[in-house]
Amino acid sequence: MSVDAIIIGTGVIGTATAFEMAKAGWKTLSLDRNTQVGHGSTAGSCAIIRMHYSTRDGTAFAWEGYHYWRDWAEHLGLPPGADLAQFKECGCLVMKTEANGHLEKHLKYSRDLDIPVEEWSAEEITARLPIYSLESFAPPKRQDQPGFGEPNGRHLREAVFWPKAGYVTDPALSSQNLADAARQHGAEFRLGVEVTEILREGGRVTGVRLADGEEIHAAVVVNVAGPGSAKINEMAGVTEEMTIATRPLRQEVVHVPAPEGFDFEALGTIVSDSDIACYCRPEHGNHILIGSEDPECDPHIWVESDTEYDRDFTDQWTTQAMRYAQRVPSLGIPSRSRGVVDLYDASTDWIPIYDRSSLTGYYMACGTSGNQYKNAPIAGKLMAELIAYCESGADHDTDPLQFRLPYIDTVIDAGFFSRKRPINAESSFSVLG
Ligand SMILES: Cc1cc2nc3c(=O)[nH]c(=O)nc-3n(C[C@H](O)[C@H](O)[C@H](O)COP(=O)(O)OP(=O)(O)OC[C@H]3O[C@@H](n4cnc5c(N)ncnc54)[C@H](O)[C@@H]3O)c2cc1C
């Protein structure tokens, strides 16, 4: 069998890439070992669409990304009546803390890019979130450290609110929407097939071999394997020159009921709170979803295999719930743990890789580090343009693609996402990107 391009992975970034490449005229074939589209780490995503990042290019990319979720139906062009993922624009509140430099950089980048933003006082925070206590607990601690859960005598005084932020209710469905949209342009999908070898000849990729021995040939292969990306890059033999590595990192997300009497689902917002190293968002059924902002005190649980890892909740779940209860004293913590255990595909500097490789025709969109769901639609466009640029003979390594973000009409240097970049010192080195 032969196609123009093979895309490994049908997560949100893989399907967005398939959609954009198919629209540009490529005969694409997407492969996934799962039997349903979008059921890799995308399905476990908190799917928060925020626009504050610690780098200017990261901020511009995320602000561009927001617009596709806002205009989802129009972006996809599926027939009326299609079951579409929903974007809930509830806003995102970020506490000003020492740890985030009181958000000076984030505010500057947002203002430079005309992103709507509001500065809130303590009174405004508790008016929106009356269940919140603004006592400070920094620095975040593990449960077994002295002082866990004890306030430090100071108080949070200010926050920044990004009113356009929100979240997508069903991230797996959003991948399926993209796949359906891609199929309208001729893209094909094969599920339940595992890629076990990247075929090469004379310094160029020639296709893939599947677990049952079948070979599929294509002049272009794109690695969008999420937490499986490092293995695929090893199969392709392209890791040696990369300064940025990718690695699966285990994460737990907590779901708890909102305190009685407060409709967090309708009135809550996303909150990023580095004082307690938690972020949260409203979740269906008046629940609160709580994720970790990866404080230094917490161990990182790197895993060897992206398929065989412990899917049970551990102390991380309880620690996260208890840290959030420091902020919301009326929070009840149920005895039965509910939520998500999944993997980030973490990169060395927590910024993704959208790039070519040392193997001609082999590309990668990986290292999404727990923070690229929001960017999938624009990452798909970037990959399609980058691949066309390189396949037309341009050398993206020495003369990087200058990529125009169409909604916000800003040009970014796509070399920002290079596999060979110096580690970006501006990064938060956490899920915050
Ligand atoms: C718990 C959690 C919370 C997150 N929260 C947010 C958030 O709030 N906001 C945000 O922007 N981002 C968030 N992210 C990150 C975001 O979800 C990911 O960046 C994004 O979903 C990655 O999509 P993907 O298409 O690259 O990978 P995936 O969805 O992981 O898809 C990769 C696919 O490749 C397939 N595959 C791998 N190896 C092979 C192989 N050898 N053969 C065949 N198929 C293979 C897998 O089966 C999988 O389906 C979160 C991630 C997690 C885990």
# chains A, B, ... in the order shown; residues from 1 in each chain; ligands from 1
$ residues_near_ligand --ligand "ligand 1" --cutoff "7 Å" --atoms "only C-alpha atoms and all ligand atoms" --output "PyMOL selection string"
chain A and resi 8-15+31-34+37-49+193-196+224-229+232+251-253+340-344+365-366+368-375
$ residues_around --residues "Phe161 of chain A" --least-positions-apart "5" --cutoff "8 Å" --atoms "only C-alpha atoms" --output "number ranges by chain"
A: 91-94, 117-120
$ write_last_selection --atoms "N, CA and C atoms" --output "compact mmCIF listing (two decimals), in the first residue's frame"
# COMPACT_ATOMS: atom_id res chain seq x y z
N GLY A 91 -13.40 31.75 31.37
CA GLY A 91 -12.32 32.61 31.85
C GLY A 91 -11.30 31.86 32.69
N CYS A 92 -10.15 32.47 32.85
CA CYS A 92 -9.08 31.85 33.64
C CYS A 92 -8.45 32.90 34.55
N LEU A 93 -8.48 32.60 35.84
CA LEU A 93 -7.95 33.50 36.87
C LEU A 93 -6.59 32.96 37.30
N VAL A 94 -5.59 33.81 37.33
CA VAL A 94 -4.25 33.36 37.74
C VAL A 94 -3.80 34.21 38.92
N VAL A 117 -7.56 41.22 29.05
CA VAL A 117 -7.03 40.80 30.35
C VAL A 117 -7.48 41.82 31.41
N GLU A 118 -7.76 41.32 32.61
CA GLU A 118 -8.21 42.21 33.69
C GLU A 118 -7.38 41.95 34.93
N GLU A 119 -7.04 43.01 35.67
CA GLU A 119 -6.35 42.79 36.95
C GLU A 119 -7.38 42.86 38.06
N TRP A 120 -7.39 41.86 38.92
CA TRP A 120 -8.41 41.77 39.98
C TRP A 120 -7.78 41.95 41.36
$ closest_atom_pairs --of "segment 26-132 of chain A" --to "segment 273-292 of chain A" --cutoff "7 Å" --atoms "only C-alpha atoms" --output "Markdown table"
| residue | atom | partner | partner_atom | distance |
| --- | --- | --- | --- | --- |
| A:Val94 | CA | A:Asp273 | CA | 6.1 |
| A:Met95 | CA | A:Asp273 | CA | 5.3 |
| A:Thr97 | CA | A:Asp275 | CA | 6.6 |
| A:Ala99 | CA | A:Ser274 | CA | 6.7 |
$ closest_atom_pairs --of "segment 82-116 of chain A" --to "segment 416-433 of chain A" --cutoff "12 Å" --atoms "only C-alpha atoms" --output "tab-separated table"
residue	atom	partner	partner_atom	distance
A:Val94	CA	A:Leu432	CA	11.4
A:Ala99	CA	A:Ser428	CA	9.8
A:Asn100	CA	A:Ser428	CA	8.6
A:Gly101	CA	A:Ser428	CA	10.9
A:Leu103	CA	A:Ser428	CA	11.9
A:Lys105	CA	A:Glu426	CA	10.0
A:His106	CA	A:Leu432	CA	11.5
$ closest_residue --among "A:Thr169, A:Thr269, A:Ser337, A:Thr307" --to "Val254 of chain A" --atoms "only C-alpha atoms"
A:Ser337
$ residues_around --residues "Leu178 of chain A" --least-positions-apart "2" --cutoff "9 Å" --atoms "only C-alpha atoms" --output "PyMOL selection string"
chain A and resi 12+15-16+18-19+76+173-176+180-183+377
$ write_last_selection --atoms "C-alpha atoms" --output "compact mmCIF listing (two decimals), in the first residue's frame"
# COMPACT_ATOMS: atom_id res chain seq x y z
CA VAL A 12 -5.93 15.89 18.84
CA THR A 15 -5.98 14.52 13.66
CA ALA A 16 -5.45 18.29 13.34
CA ALA A 18 -4.30 15.06 9.10
CA PHE A 19 -7.05 17.66 8.58
CA LEU A 76 -14.42 21.94 10.81
CA LEU A 173 -14.76 13.90 20.69
CA SER A 174 -12.81 16.94 19.46
CA SER A 175 -10.23 14.56 17.89
CA GLN A 176 -13.06 12.58 16.31
CA ASP A 180 -14.34 13.43 10.39
CA ALA A 181 -13.42 16.83 8.96
CA ALA A 182 -10.18 15.35 7.55
CA ARG A 183 -12.11 12.45 5.96
CA PRO A 377 -5.66 23.28 15.46
